[in-house]
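Engineer: My structure is stored as coords-v5.cif, with mmCIF, C-alpha atoms.
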```cif
data_target
#
loop_
_atom_site.group_PDB
_atom_site.id
_atom_site.type_symbol
_atom_site.label_atom_id
_atom_site.label_comp_id
_atom_site.auth_asym_id
_atom_site.auth_seq_id
_atom_site.Cartn_x
_atom_site.Cartn_y
_atom_site.Cartn_z
ATOM 1 C CA MET Q 1 1.492 0.495 -14.328
ATOM 2 C CA PRO Q 2 4.442 -1.499 -15.836
ATOM 3 C CA TYR Q 3 4.960 -1.822 -19.587
ATOM 4 C CA ASP Q 4 7.423 -2.472 -22.394
ATOM 5 C CA HIS Q 5 9.814 0.120 -23.801
ATOM 6 C CA ARG Q 6 9.286 1.897 -27.085
ATOM 7 C CA ASN Q 7 11.579 4.801 -26.422
ATOM 8 C CA SER Q 8 11.767 6.216 -29.923
ATOM 9 C CA ALA Q 9 7.983 6.564 -30.105
ATOM 10 C CA ARG Q 10 7.855 8.196 -26.694
ATOM 11 C CA ARG Q 11 10.608 10.676 -27.513
ATOM 12 C CA ALA Q 12 8.916 11.601 -30.774
ATOM 13 C CA LEU Q 13 5.680 12.276 -28.923
ATOM 14 C CA ALA Q 14 7.499 14.320 -26.268
ATOM 15 C CA LEU Q 15 9.035 16.523 -28.982
ATOM 16 C CA ALA Q 16 5.647 17.003 -30.611
ATOM 17 C CA LEU Q 17 4.085 17.990 -27.307
ATOM 18 C CA ALA Q 18 6.878 20.428 -26.556
ATOM 19 C CA ALA Q 19 6.423 22.067 -29.956
ATOM 20 C CA THR Q 20 2.717 22.678 -29.377
ATOM 21 C CA GLY Q 21 3.081 23.709 -25.729
ATOM 22 C CA CYS Q 22 0.830 20.880 -24.614
ATOM 23 C CA CYS Q 23 1.174 18.741 -21.505
ATOM 24 C CA ALA Q 24 -0.295 15.268 -21.750
ATOM 25 C CA VAL Q 25 -0.357 12.252 -19.529
ATOM 26 C CA LEU Q 26 2.395 10.057 -20.913
ATOM 27 C CA ALA Q 27 2.220 6.707 -19.258
ATOM 28 C CA GLY Q 28 0.121 3.924 -17.838
ATOM 29 C CA CYS Q 29 0.382 0.776 -15.718
ATOM 30 C CA ALA Q 30 1.067 -2.930 -15.894
ATOM 31 C CA THR Q 31 1.099 -5.255 -18.858
ATOM 32 C CA SER Q 32 2.214 -8.795 -19.368
ATOM 33 C CA GLN Q 33 5.715 -9.333 -20.733
ATOM 34 C CA ALA Q 34 4.282 -11.483 -23.476
ATOM 35 C CA SER Q 35 2.256 -10.022 -26.328
ATOM 36 C CA SER Q 36 -0.962 -8.738 -24.788
ATOM 37 C CA PRO Q 37 -4.082 -6.723 -25.620
ATOM 38 C CA HIS Q 38 -2.255 -3.662 -24.248
ATOM 39 C CA ALA Q 39 -0.243 -3.340 -27.426
ATOM 40 C CA LYS Q 40 -3.397 -3.540 -29.521
ATOM 41 C CA ALA Q 41 -5.277 -0.650 -27.907
ATOM 42 C CA ALA Q 42 -6.007 1.962 -30.547
ATOM 43 C CA ASP Q 43 -5.528 4.865 -28.143
ATOM 44 C CA SER Q 44 -2.290 3.563 -26.590
ATOM 45 C CA LEU Q 45 1.346 4.323 -27.339
ATOM 46 C CA ALA Q 46 3.667 2.175 -25.251
ATOM 47 C CA ALA Q 47 6.804 3.355 -23.474
ATOM 48 C CA GLY Q 48 8.954 2.346 -20.480
ATOM 49 C CA SER Q 49 7.398 2.306 -16.991
ATOM 50 C CA GLU Q 50 7.078 0.401 -13.797
ATOM 51 C CA SER Q 51 3.461 -0.506 -14.131
ATOM 52 C CA GLY Q 52 1.710 -0.908 -17.524
ATOM 53 C CA THR Q 53 0.439 0.088 -20.943
ATOM 54 C CA GLN Q 54 1.228 3.622 -22.039
ATOM 55 C CA SER Q 55 -1.921 5.616 -22.659
ATOM 56 C CA ARG Q 56 -2.117 9.203 -23.900
ATOM 57 C CA PRO Q 57 -5.477 10.923 -23.343
ATOM 58 C CA PRO Q 58 -5.970 14.392 -24.941
ATOM 59 C CA PHE Q 59 -6.076 16.480 -21.772
ATOM 60 C CA ALA Q 60 -3.729 18.193 -19.367
ATOM 61 C CA ALA Q 61 -3.046 16.393 -16.126
ATOM 62 C CA SER Q 62 -3.779 18.110 -12.844
ATOM 63 C CA PRO Q 63 -2.264 17.595 -9.392
ATOM 64 C CA ALA Q 64 -3.850 14.834 -7.328
ATOM 65 C CA PRO Q 65 -6.162 16.170 -4.601
ATOM 66 C CA ARG Q 66 -5.564 15.075 -1.029
ATOM 67 C CA PRO Q 67 -8.258 12.590 -0.030
ATOM 68 C CA THR Q 68 -10.486 13.183 2.957
ATOM 69 C CA PRO Q 69 -9.447 10.673 5.627
ATOM 70 C CA SER Q 70 -12.144 8.174 6.474
ATOM 71 C CA PRO Q 71 -12.819 7.236 10.093
ATOM 72 C CA VAL Q 72 -11.509 3.749 10.665
ATOM 73 C CA ALA Q 73 -12.102 1.446 13.589
ATOM 74 C CA PRO Q 74 -9.642 -1.370 14.347
ATOM 75 C CA ARG Q 75 -10.904 -4.904 13.884
ATOM 76 C CA ALA Q 76 -10.905 -7.163 16.894
ATOM 77 C CA GLY Q 77 -8.279 -9.890 16.734
ATOM 78 C CA ARG Q 78 -6.417 -8.211 13.869
ATOM 79 C CA SER Q 79 -3.400 -6.754 15.604
ATOM 80 C CA LEU Q 80 -0.405 -5.753 13.465
ATOM 81 C CA ALA Q 81 1.584 -4.328 16.350
ATOM 82 C CA GLY Q 82 5.296 -4.591 15.652
ATOM 83 C CA LYS Q 83 4.802 -4.935 11.873
ATOM 84 C CA THR Q 84 6.042 -2.431 9.297
ATOM 85 C CA VAL Q 85 4.212 -2.008 5.997
ATOM 86 C CA VAL Q 86 5.465 0.220 3.189
ATOM 87 C CA ILE Q 87 2.828 1.567 0.800
ATOM 88 C CA ASP Q 88 4.065 2.764 -2.570
ATOM 89 C CA PRO Q 89 1.511 5.034 -4.337
ATOM 90 C CA GLY Q 90 2.223 4.524 -8.038
ATOM 91 C CA HIS Q 91 3.458 7.642 -9.859
ATOM 92 C CA ASN Q 92 3.362 11.279 -8.762
ATOM 93 C CA SER Q 93 0.920 13.927 -9.963
ATOM 94 C CA GLY Q 94 3.845 16.288 -10.598
ATOM 95 C CA ASN Q 95 5.674 13.921 -12.946
ATOM 96 C CA PHE Q 96 4.090 15.403 -16.075
ATOM 97 C CA ARG Q 97 5.827 18.718 -15.322
ATOM 98 C CA HIS Q 98 9.227 17.032 -14.972
ATOM 99 C CA SER Q 99 9.658 14.932 -18.104
ATOM 100 C CA THR Q 100 13.446 15.414 -18.187
ATOM 101 C CA GLU Q 101 13.871 14.078 -14.672
ATOM 102 C CA ILE Q 102 11.542 11.112 -14.956
ATOM 103 C CA ASN Q 103 12.923 10.071 -18.348
ATOM 104 C CA LYS Q 104 16.458 9.638 -16.991
ATOM 105 C CA LYS Q 105 17.314 5.973 -16.749
ATOM 106 C CA VAL Q 106 18.237 4.138 -13.568
ATOM 107 C CA ASN Q 107 19.746 0.715 -12.985
ATOM 108 C CA ILE Q 108 17.190 -2.016 -12.182
ATOM 109 C CA GLY Q 109 19.706 -4.858 -12.017
ATOM 110 C CA THR Q 110 18.918 -6.498 -15.340
ATOM 111 C CA THR Q 111 19.019 -3.314 -17.433
ATOM 112 C CA ARG Q 112 18.426 0.428 -17.218
ATOM 113 C CA LYS Q 113 14.935 1.885 -17.226
ATOM 114 C CA GLU Q 114 13.218 5.269 -16.995
ATOM 115 C CA CYS Q 115 13.061 6.764 -13.487
ATOM 116 C CA ASP Q 116 9.252 6.838 -13.574
ATOM 117 C CA THR Q 117 6.289 7.841 -15.751
ATOM 118 C CA THR Q 118 3.194 9.969 -15.303
ATOM 119 C CA GLY Q 119 0.798 7.031 -15.120
ATOM 120 C CA THR Q 120 -2.431 6.543 -17.021
ATOM 121 C CA SER Q 121 -5.929 8.025 -16.502
ATOM 122 C CA THR Q 122 -9.588 7.516 -17.244
ATOM 123 C CA ASN Q 123 -10.944 8.982 -20.467
ATOM 124 C CA ALA Q 124 -12.552 11.717 -18.364
ATOM 125 C CA GLY Q 125 -9.197 12.758 -16.914
ATOM 126 C CA TYR Q 126 -9.058 11.130 -13.475
ATOM 127 C CA THR Q 127 -5.368 10.341 -13.150
ATOM 128 C CA GLU Q 128 -3.738 7.211 -11.863
ATOM 129 C CA ALA Q 129 -1.670 9.354 -9.472
ATOM 130 C CA SER Q 130 -4.892 10.720 -7.934
ATOM 131 C CA PHE Q 131 -6.270 7.202 -7.593
ATOM 132 C CA THR Q 132 -3.151 5.691 -6.036
ATOM 133 C CA SER Q 133 -2.766 8.556 -3.559
ATOM 134 C CA ASP Q 134 -6.370 8.237 -2.400
ATOM 135 C CA VAL Q 135 -6.314 4.450 -2.017
ATOM 136 C CA SER Q 136 -2.911 4.567 -0.308
ATOM 137 C CA HIS Q 137 -4.163 7.011 2.329
ATOM 138 C CA ARG Q 138 -7.217 4.898 2.981
ATOM 139 C CA LEU Q 139 -5.018 1.795 3.252
ATOM 140 C CA ARG Q 140 -2.628 3.560 5.631
ATOM 141 C CA ASP Q 141 -5.513 4.496 7.944
ATOM 142 C CA LEU Q 142 -6.790 0.921 8.027
ATOM 143 C CA LEU Q 143 -3.374 -0.566 8.762
ATOM 144 C CA GLU Q 144 -2.495 1.988 11.422
ATOM 145 C CA ALA Q 145 -5.827 1.293 13.131
ATOM 146 C CA ARG Q 146 -4.668 -2.315 13.377
ATOM 147 C CA GLY Q 147 -1.387 -1.307 14.985
ATOM 148 C CA ALA Q 148 1.019 -1.416 12.050
ATOM 149 C CA LYS Q 149 3.758 1.093 11.421
ATOM 150 C CA VAL Q 150 3.127 2.461 7.913
ATOM 151 C CA VAL Q 151 5.631 4.195 5.641
ATOM 152 C CA LEU Q 152 4.662 5.894 2.361
ATOM 153 C CA THR Q 153 7.299 6.129 -0.373
ATOM 154 C CA HIS Q 154 5.964 9.622 -1.124
ATOM 155 C CA ASP Q 155 3.074 11.714 0.085
ATOM 156 C CA GLY Q 156 2.741 14.892 -1.981
ATOM 157 C CA ASP Q 157 5.995 16.058 -0.421
ATOM 158 C CA ARG Q 158 8.119 16.168 -3.564
ATOM 159 C CA PRO Q 159 7.584 17.693 -7.031
ATOM 160 C CA TRP Q 160 8.232 14.438 -8.923
ATOM 161 C CA GLY Q 161 9.295 10.848 -8.352
ATOM 162 C CA PRO Q 162 10.701 9.087 -6.460
ATOM 163 C CA CYS Q 163 12.448 6.980 -9.089
ATOM 164 C CA ILE Q 164 11.730 3.274 -9.187
ATOM 165 C CA ASP Q 165 15.078 2.322 -7.665
ATOM 166 C CA GLU Q 166 14.577 4.733 -4.753
ATOM 167 C CA ARG Q 167 11.101 3.332 -4.141
ATOM 168 C CA ALA Q 168 12.665 -0.096 -3.681
ATOM 169 C CA ARG Q 169 15.350 1.291 -1.362
ATOM 170 C CA ILE Q 170 12.719 2.899 0.869
ATOM 171 C CA GLY Q 171 11.098 -0.480 1.495
ATOM 172 C CA ASN Q 172 14.460 -2.126 2.061
ATOM 173 C CA ALA Q 173 15.640 0.566 4.487
ATOM 174 C CA ALA Q 174 12.420 0.248 6.484
ATOM 175 C CA ARG Q 175 12.989 -3.518 6.742
ATOM 176 C CA ALA Q 176 9.354 -3.813 5.820
ATOM 177 C CA ASP Q 177 7.411 -6.953 6.571
ATOM 178 C CA ALA Q 178 5.434 -6.244 3.381
ATOM 179 C CA VAL Q 179 5.508 -3.657 0.592
ATOM 180 C CA VAL Q 180 2.527 -2.986 -1.660
ATOM 181 C CA SER Q 181 2.768 -0.755 -4.727
ATOM 182 C CA VAL Q 182 -0.689 0.584 -5.638
ATOM 183 C CA HIS Q 183 -1.500 1.082 -9.342
ATOM 184 C CA ALA Q 184 -4.263 1.056 -11.947
ATOM 185 C CA ASP Q 185 -3.816 -0.201 -15.490
ATOM 186 C CA GLY Q 186 -4.234 1.511 -18.858
ATOM 187 C CA SER Q 187 -5.311 -1.211 -21.259
ATOM 188 C CA ALA Q 188 -7.902 -1.572 -24.027
ATOM 189 C CA VAL Q 189 -11.665 -1.241 -23.633
ATOM 190 C CA GLY Q 190 -13.156 -4.585 -22.636
ATOM 191 C CA ASN Q 191 -10.106 -5.569 -20.603
ATOM 192 C CA ARG Q 192 -11.364 -5.615 -17.042
ATOM 193 C CA GLY Q 193 -10.468 -6.704 -13.559
ATOM 194 C CA PHE Q 194 -7.512 -6.525 -11.181
ATOM 195 C CA HIS Q 195 -4.243 -8.411 -11.019
ATOM 196 C CA VAL Q 196 -1.300 -8.693 -8.645
ATOM 197 C CA ILE Q 197 2.253 -8.582 -10.043
ATOM 198 C CA LEU Q 198 4.787 -10.860 -8.361
ATOM 199 C CA PRO Q 199 8.594 -10.825 -8.643
ATOM 200 C CA ALA Q 200 10.260 -13.477 -10.766
ATOM 201 C CA LYS Q 201 13.522 -15.022 -9.628
ATOM 202 C CA VAL Q 202 16.158 -12.559 -10.802
ATOM 203 C CA ARG Q 203 19.897 -12.588 -10.101
ATOM 204 C CA ALA Q 204 21.711 -9.971 -12.148
ATOM 205 C CA GLY Q 205 23.871 -7.021 -11.225
ATOM 206 C CA SER Q 206 22.420 -5.408 -8.101
ATOM 207 C CA ALA Q 207 19.212 -7.454 -8.305
ATOM 208 C CA ASP Q 208 18.650 -10.667 -6.366
ATOM 209 C CA THR Q 209 15.053 -11.653 -5.652
ATOM 210 C CA SER Q 210 15.758 -15.254 -4.715
ATOM 211 C CA ARG Q 211 14.819 -14.725 -1.048
ATOM 212 C CA ILE Q 212 11.616 -12.783 -1.678
ATOM 213 C CA VAL Q 213 9.976 -14.790 -4.470
ATOM 214 C CA ALA Q 214 8.146 -17.219 -2.163
ATOM 215 C CA PRO Q 215 6.979 -14.740 0.502
ATOM 216 C CA SER Q 216 5.967 -12.233 -2.174
ATOM 217 C CA ARG Q 217 3.794 -14.872 -3.829
ATOM 218 C CA ALA Q 218 2.182 -15.649 -0.483
ATOM 219 C CA LEU Q 219 1.515 -11.923 0.022
ATOM 220 C CA GLY Q 220 0.122 -11.596 -3.498
ATOM 221 C CA GLU Q 221 -2.196 -14.580 -3.136
ATOM 222 C CA ARG Q 222 -3.628 -13.251 0.139
ATOM 223 C CA ILE Q 223 -4.215 -9.839 -1.416
ATOM 224 C CA ARG Q 224 -5.817 -11.357 -4.521
ATOM 225 C CA ASP Q 225 -8.296 -13.356 -2.465
ATOM 226 C CA ARG Q 226 -9.228 -10.566 -0.059
ATOM 227 C CA PHE Q 227 -9.330 -7.871 -2.748
ATOM 228 C CA ALA Q 228 -11.834 -9.884 -4.767
ATOM 229 C CA ARG Q 229 -13.947 -10.501 -1.672
ATOM 230 C CA ALA Q 230 -13.956 -6.865 -0.521
ATOM 231 C CA THR Q 231 -14.547 -5.212 -3.894
ATOM 232 C CA GLY Q 232 -16.751 -7.821 -5.564
ATOM 233 C CA THR Q 233 -14.582 -7.582 -8.688
ATOM 234 C CA SER Q 234 -12.988 -10.428 -10.626
ATOM 235 C CA PRO Q 235 -9.368 -11.129 -11.509
ATOM 236 C CA SER Q 236 -8.174 -9.722 -14.818
ATOM 237 C CA ASN Q 237 -9.670 -11.181 -17.986
ATOM 238 C CA TYR Q 238 -6.576 -10.196 -20.012
ATOM 239 C CA ILE Q 239 -3.545 -10.925 -17.802
ATOM 240 C CA GLY Q 240 -2.828 -13.940 -15.624
ATOM 241 C CA SER Q 241 -5.151 -16.461 -17.313
ATOM 242 C CA GLY Q 242 -7.838 -15.876 -14.700
ATOM 243 C CA THR Q 243 -5.516 -16.351 -11.723
ATOM 244 C CA GLY Q 244 -5.208 -12.647 -10.913
ATOM 245 C CA LEU Q 245 -1.438 -13.134 -10.704
ATOM 246 C CA ASP Q 246 1.310 -12.072 -13.110
ATOM 247 C CA VAL Q 247 5.035 -12.787 -12.645
ATOM 248 C CA ARG Q 248 7.457 -10.152 -13.951
ATOM 249 C CA ASN Q 249 11.248 -9.886 -14.180
ATOM 250 C CA ASP Q 250 11.431 -6.413 -15.753
ATOM 251 C CA LEU Q 251 10.270 -4.158 -12.927
ATOM 252 C CA GLY Q 252 12.895 -2.295 -10.935
ATOM 253 C CA GLY Q 253 10.554 -1.891 -7.981
ATOM 254 C CA LEU Q 254 10.507 -5.682 -7.620
ATOM 255 C CA ASN Q 255 13.975 -6.578 -8.890
ATOM 256 C CA LEU Q 256 15.703 -4.317 -6.364
ATOM 257 C CA SER Q 257 13.538 -5.230 -3.390
ATOM 258 C CA THR Q 258 15.022 -7.301 -0.574
ATOM 259 C CA VAL Q 259 11.710 -7.564 1.296
ATOM 260 C CA PRO Q 260 8.385 -9.151 0.236
ATOM 261 C CA LYS Q 261 6.759 -6.882 -2.323
ATOM 262 C CA VAL Q 262 3.961 -6.901 -4.901
ATOM 263 C CA PHE Q 263 2.302 -4.482 -7.303
ATOM 264 C CA VAL Q 264 -1.496 -4.358 -7.405
ATOM 265 C CA GLU Q 265 -3.253 -3.196 -10.576
ATOM 266 C CA CYS Q 266 -6.687 -2.418 -9.132
ATOM 267 C CA GLY Q 267 -8.495 -2.192 -12.476
ATOM 268 C CA ASN Q 268 -8.285 -0.807 -16.011
ATOM 269 C CA MET Q 269 -8.783 2.962 -16.081
ATOM 270 C CA ARG Q 270 -9.410 2.979 -19.837
ATOM 271 C CA ASP Q 271 -12.391 0.644 -19.700
ATOM 272 C CA PRO Q 272 -15.605 2.601 -18.953
ATOM 273 C CA LYS Q 273 -17.009 0.006 -16.565
ATOM 274 C CA ASP Q 274 -13.798 -0.327 -14.574
ATOM 275 C CA ALA Q 275 -13.348 3.447 -14.658
ATOM 276 C CA GLN Q 276 -16.765 3.884 -13.043
ATOM 277 C CA LEU Q 277 -15.556 1.789 -10.118
ATOM 278 C CA LEU Q 278 -12.145 3.409 -9.819
ATOM 279 C CA THR Q 279 -13.641 6.906 -9.679
ATOM 280 C CA SER Q 280 -16.074 5.949 -6.908
ATOM 281 C CA SER Q 281 -14.923 6.888 -3.405
ATOM 282 C CA THR Q 282 -17.081 4.075 -2.033
ATOM 283 C CA TRP Q 283 -15.336 1.520 -4.232
ATOM 284 C CA ARG Q 284 -11.902 2.933 -3.422
ATOM 285 C CA GLN Q 285 -12.626 2.348 0.262
ATOM 286 C CA LYS Q 286 -13.497 -1.261 -0.575
ATOM 287 C CA ALA Q 287 -10.245 -1.558 -2.525
ATOM 288 C CA ALA Q 288 -8.278 -0.277 0.459
ATOM 289 C CA GLN Q 289 -10.169 -2.712 2.694
ATOM 290 C CA GLY Q 290 -9.290 -5.624 0.445
ATOM 291 C CA LEU Q 291 -5.622 -4.647 0.395
ATOM 292 C CA ALA Q 292 -5.561 -4.212 4.172
ATOM 293 C CA ASP Q 293 -7.261 -7.560 4.743
ATOM 294 C CA GLY Q 294 -4.832 -9.315 2.418
ATOM 295 C CA ILE Q 295 -1.804 -7.755 4.094
ATOM 296 C CA THR Q 296 -3.194 -8.537 7.532
ATOM 297 C CA THR Q 297 -3.848 -12.162 6.642
ATOM 298 C CA TYR Q 298 -0.327 -12.505 5.238
ATOM 299 C CA LEU Q 299 1.248 -11.011 8.355
ATOM 300 C CA GLY Q 300 -0.798 -13.286 10.598
ATOM 301 C CA GLY Q 301 -2.737 -10.492 12.264
#
```
Spell out the structure here as structure tokens.
Structural biologist:
Amino acid sequence: MPYDHRNSARRALALALAATGCCAVLAGCATSQASSPHAKAADSLAAGSESGTQSRPPFAASPAPRPTPSPVAPRAGRSLAGKTVVIDPGHNSGNFRHSTEINKKVNIGTTRKECDTTGTSTNAGYTEASFTSDVSHRLRDLLEARGAKVVLTHDGDRPWGPCIDERARIGNAARADAVVSVHADGSAVGNRGFHVILPAKVRAGSADTSRIVAPSRALGERIRDRFARATGTSPSNYIGSGTGLDVRNDLGGLNLSTVPKVFVECGNMRDPKDAQLLTSSTWRQKAAQGLADGITTYLGG
């Protein structure tokens, strides 16, 4: 979940946590660049991230469990043979144990930004990293059943990270036909729904999105439509003015990409009603289905 920087507040909290020996989830997912309800959430303390409002629930994070693969049958007439899709599961369940590493800043073209964050969670403690890992595995199975080559930016194979700039490089190196970064937001109660984050036109330093703006929008629009259809949920009521789309120029994962890429905020983990959906394995399968259908439609499968 992407969000604005308030580094001094985050560092003060980190020092307080270190003094008490506590480990807390330190970050969340995407917010609008303009003033938004994220900043007004009483239980939120914003900091720098690639995907949203910073939320700090009073519990210790735990490693994300590996999901049980679901049997998937390929759909007739939906061949993705010859296509490469990179899936980027937002955050890493080990990040909370590596605050020094993930707080180091990396170059995102327009500025420097923290390597990564821990992500947000539901009030009951279901972490964003657990959610994104589960949905990403389900999505991988669906796409592979349709013939696509699928690459994950990480898969429980590293203690923290990867950093946001490395995530972009993985998609670029794979020469992906599409990259989807899976997230969940951490906004205020009452803020509901999903939204897709698209890259703005950015040309600064090592960032140049001019060639991917149009195809990324096409990818995002297909995912928005199919995600809504598969999950039965509505576009965000707090970002995107009902369109389900949000354009950002401050995310390293998008700024540094040279291939079509979007972020998908599947819902708001801090709203009880959205949280009930996000913690349902049945709904997560629908979310993966919507993402797969959107990607497939975009790639012409």
Engineer: From the set Q:Arg167, Q:Arg138, Q:Arg222, Q:Arg146, which residue has the shortest atom-to-atom contact distance to Trp283 of chain Q, counting only C-alpha atoms?
Structural biologist: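 Counting only C-alpha atoms, the residue closest to Trp283 of chain Q is Q:Arg138.
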Engineer: In Å, with one decimal, what is the gap from atom CA of Thr258 of chain Q to atom CA of Gln285 of chain Q?
Structural biologist: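 Computing it gives 29.3 Å between the two atoms.
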Engineer: Env of Ile212 of chain Q: 8 Å cut, atoms = all atoms listed in the file, seq-sep filter 5 positions within chain, self excluded. Answer as a PyMOL selection string.
Structural biologist: chain Q and resi 199+257-261
Engineer: Can you turn the PyMOL selection byres ((chain Q and resi 168) around 12) into a concrete residue list for this file, as a VMD selection string?
Structural biologist: chain Q and resid 50 86 to 88 107 to 109 115 152 to 153 162 to 167 169 to 176 178 to 181 206 to 207 209 251 to 263
Engineer: Near Val264 of chain Q, counting only C-alpha atoms, which residues have an atom at most 8 Å away, once you skip same-chain residues fewer than 5 positions from it, shown as a list in words?
Structural biologist: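 Counting only the stated atoms, we get Val180, Ser181, Val182, His183, Ala184, Phe194, His195, Val196 and Ile197 of chain Q.
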Engineer: Could you state the separation of atom CA of Leu278 of chain Q and atom CA of Gly294 of chain Q in Å, given to one decimal place?
Structural biologist: 19.1 Å
Engineer: From (11.7, -17.0, -3.4), in the file's coordinates, out to 10 Å: which residues are reached, counting only C-alpha atoms? Answer as a PyMOL selection string.
Structural biologist: chain Q and resi 199-202+208-217+260
Engineer: Hey, can you check how far atom CA of Ser79 of chain Q sits from atom CA of Glu144 of chain Q?
Structural biologist: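 Atom CA of Glu144 of chain Q lies at a distance of 9.7 Å from atom CA of Ser79 of chain Q.
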Engineer: With distances taken over all atoms listed in the file, which residue among Q:Ser234, Q:Asn249, Q:Ser93, Q:Thr120 lies nearest His154 of chain Q?
Structural biologist: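 Under the stated criterion, the closest residue is Q:Ser93.
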Engineer: From the options Q:Gly125, Q:Gly119, Q:Gly190, Q:Gly94, which residue's atoms come nearest to Arg158 of chain Q, counting all atoms listed in the file?
Structural biologist: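 Closest to Arg158 of chain Q of all the choices is Q:Gly94.
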Engineer: What do you get, as a PDB file with C-alpha atoms, in the frame of the given file, if you spell out every residue that the PyMOL selection byres ((chain Q and resi 131) around 9) selects here?
Structural biologist:
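And here's selection_5.pdb as it stands now:
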```pdb
ATOM      1  CA  ALA Q  64      -3.850  14.834  -7.328  1.00  0.00           C
ATOM      2  CA  PRO Q  89       1.511   5.034  -4.337  1.00  0.00           C
ATOM      3  CA  GLY Q  90       2.223   4.524  -8.038  1.00  0.00           C
ATOM      4  CA  SER Q 121      -5.929   8.025 -16.502  1.00  0.00           C
ATOM      5  CA  TYR Q 126      -9.058  11.130 -13.475  1.00  0.00           C
ATOM      6  CA  THR Q 127      -5.368  10.341 -13.150  1.00  0.00           C
ATOM      7  CA  GLU Q 128      -3.738   7.211 -11.863  1.00  0.00           C
ATOM      8  CA  ALA Q 129      -1.670   9.354  -9.472  1.00  0.00           C
ATOM      9  CA  SER Q 130      -4.892  10.720  -7.934  1.00  0.00           C
ATOM     10  CA  THR Q 132      -3.151   5.691  -6.036  1.00  0.00           C
ATOM     11  CA  SER Q 133      -2.766   8.556  -3.559  1.00  0.00           C
ATOM     12  CA  ASP Q 134      -6.370   8.237  -2.400  1.00  0.00           C
ATOM     13  CA  VAL Q 135      -6.314   4.450  -2.017  1.00  0.00           C
ATOM     14  CA  SER Q 136      -2.911   4.567  -0.308  1.00  0.00           C
ATOM     15  CA  VAL Q 182      -0.689   0.584  -5.638  1.00  0.00           C
ATOM     16  CA  HIS Q 183      -1.500   1.082  -9.342  1.00  0.00           C
ATOM     17  CA  ALA Q 184      -4.263   1.056 -11.947  1.00  0.00           C
ATOM     18  CA  LEU Q 278     -12.145   3.409  -9.819  1.00  0.00           C
ATOM     19  CA  THR Q 279     -13.641   6.906  -9.679  1.00  0.00           C
ATOM     20  CA  ARG Q 284     -11.902   2.933  -3.422  1.00  0.00           C
TER      21      ARG Q 284
END
```
Engineer: With only C-alpha atoms as the atoms that count, which of Q:Leu139, Q:Val189, Q:Ala145, Q:Leu277 lies nearest to Tyr238 of chain Q?
Structural biologist: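 Among Q:Leu139, Q:Val189, Q:Ala145, Q:Leu277, it is Q:Val189 that comes nearest to Tyr238 of chain Q.
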Engineer: Write out as an mmCIF file with C-alpha atoms, in the frame of the given file the residues lying within 12 Å of Arg224 of chain Q, counting all atoms listed in the file and excluding same-chain residues fewer than 5 positions away.
Structural biologist:
```
data_model
loop_
_atom_site.group_PDB
_atom_site.id
_atom_site.type_symbol
_atom_site.label_atom_id
_atom_site.label_comp_id
_atom_site.auth_asym_id
_atom_site.auth_seq_id
_atom_site.Cartn_x
_atom_site.Cartn_y
_atom_site.Cartn_z
ATOM 1 C CA GLY Q 193 -10.468 -6.704 -13.559
ATOM 2 C CA PHE Q 194 -7.512 -6.525 -11.181
ATOM 3 C CA HIS Q 195 -4.243 -8.411 -11.019
ATOM 4 C CA VAL Q 196 -1.300 -8.693 -8.645
ATOM 5 C CA ILE Q 197 2.253 -8.582 -10.043
ATOM 6 C CA LEU Q 198 4.787 -10.860 -8.361
ATOM 7 C CA ARG Q 217 3.794 -14.872 -3.829
ATOM 8 C CA ALA Q 218 2.182 -15.649 -0.483
ATOM 9 C CA LEU Q 219 1.515 -11.923 0.022
ATOM 10 C CA ARG Q 229 -13.947 -10.501 -1.672
ATOM 11 C CA ALA Q 230 -13.956 -6.865 -0.521
ATOM 12 C CA THR Q 231 -14.547 -5.212 -3.894
ATOM 13 C CA GLY Q 232 -16.751 -7.821 -5.564
ATOM 14 C CA THR Q 233 -14.582 -7.582 -8.688
ATOM 15 C CA SER Q 234 -12.988 -10.428 -10.626
ATOM 16 C CA PRO Q 235 -9.368 -11.129 -11.509
ATOM 17 C CA SER Q 236 -8.174 -9.722 -14.818
ATOM 18 C CA GLY Q 240 -2.828 -13.940 -15.624
ATOM 19 C CA GLY Q 242 -7.838 -15.876 -14.700
ATOM 20 C CA THR Q 243 -5.516 -16.351 -11.723
ATOM 21 C CA GLY Q 244 -5.208 -12.647 -10.913
ATOM 22 C CA LEU Q 245 -1.438 -13.134 -10.704
ATOM 23 C CA ASP Q 246 1.310 -12.072 -13.110
ATOM 24 C CA VAL Q 262 3.961 -6.901 -4.901
ATOM 25 C CA PHE Q 263 2.302 -4.482 -7.303
ATOM 26 C CA VAL Q 264 -1.496 -4.358 -7.405
ATOM 27 C CA GLU Q 265 -3.253 -3.196 -10.576
ATOM 28 C CA CYS Q 266 -6.687 -2.418 -9.132
ATOM 29 C CA ALA Q 287 -10.245 -1.558 -2.525
ATOM 30 C CA GLY Q 290 -9.290 -5.624 0.445
ATOM 31 C CA LEU Q 291 -5.622 -4.647 0.395
ATOM 32 C CA ALA Q 292 -5.561 -4.212 4.172
ATOM 33 C CA ASP Q 293 -7.261 -7.560 4.743
ATOM 34 C CA GLY Q 294 -4.832 -9.315 2.418
ATOM 35 C CA ILE Q 295 -1.804 -7.755 4.094
ATOM 36 C CA THR Q 297 -3.848 -12.162 6.642
ATOM 37 C CA TYR Q 298 -0.327 -12.505 5.238
#
```
Engineer: Taking only C-alpha atoms into account, which of Q:Asp155, Q:Asp250, Q:Asp225, Q:Asp177 comes nearest Gly300 of chain Q?
Structural biologist: Q:Asp177
Engineer: Could you tell me which of Q:Ala188, Q:Ala288, Q:Ile223, Q:Val247 comes closest to Arg140 of chain Q if we count all atoms listed in the file?
Structural biologist: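 Checking each candidate against Arg140 of chain Q, we get Q:Ala288 as the closest.
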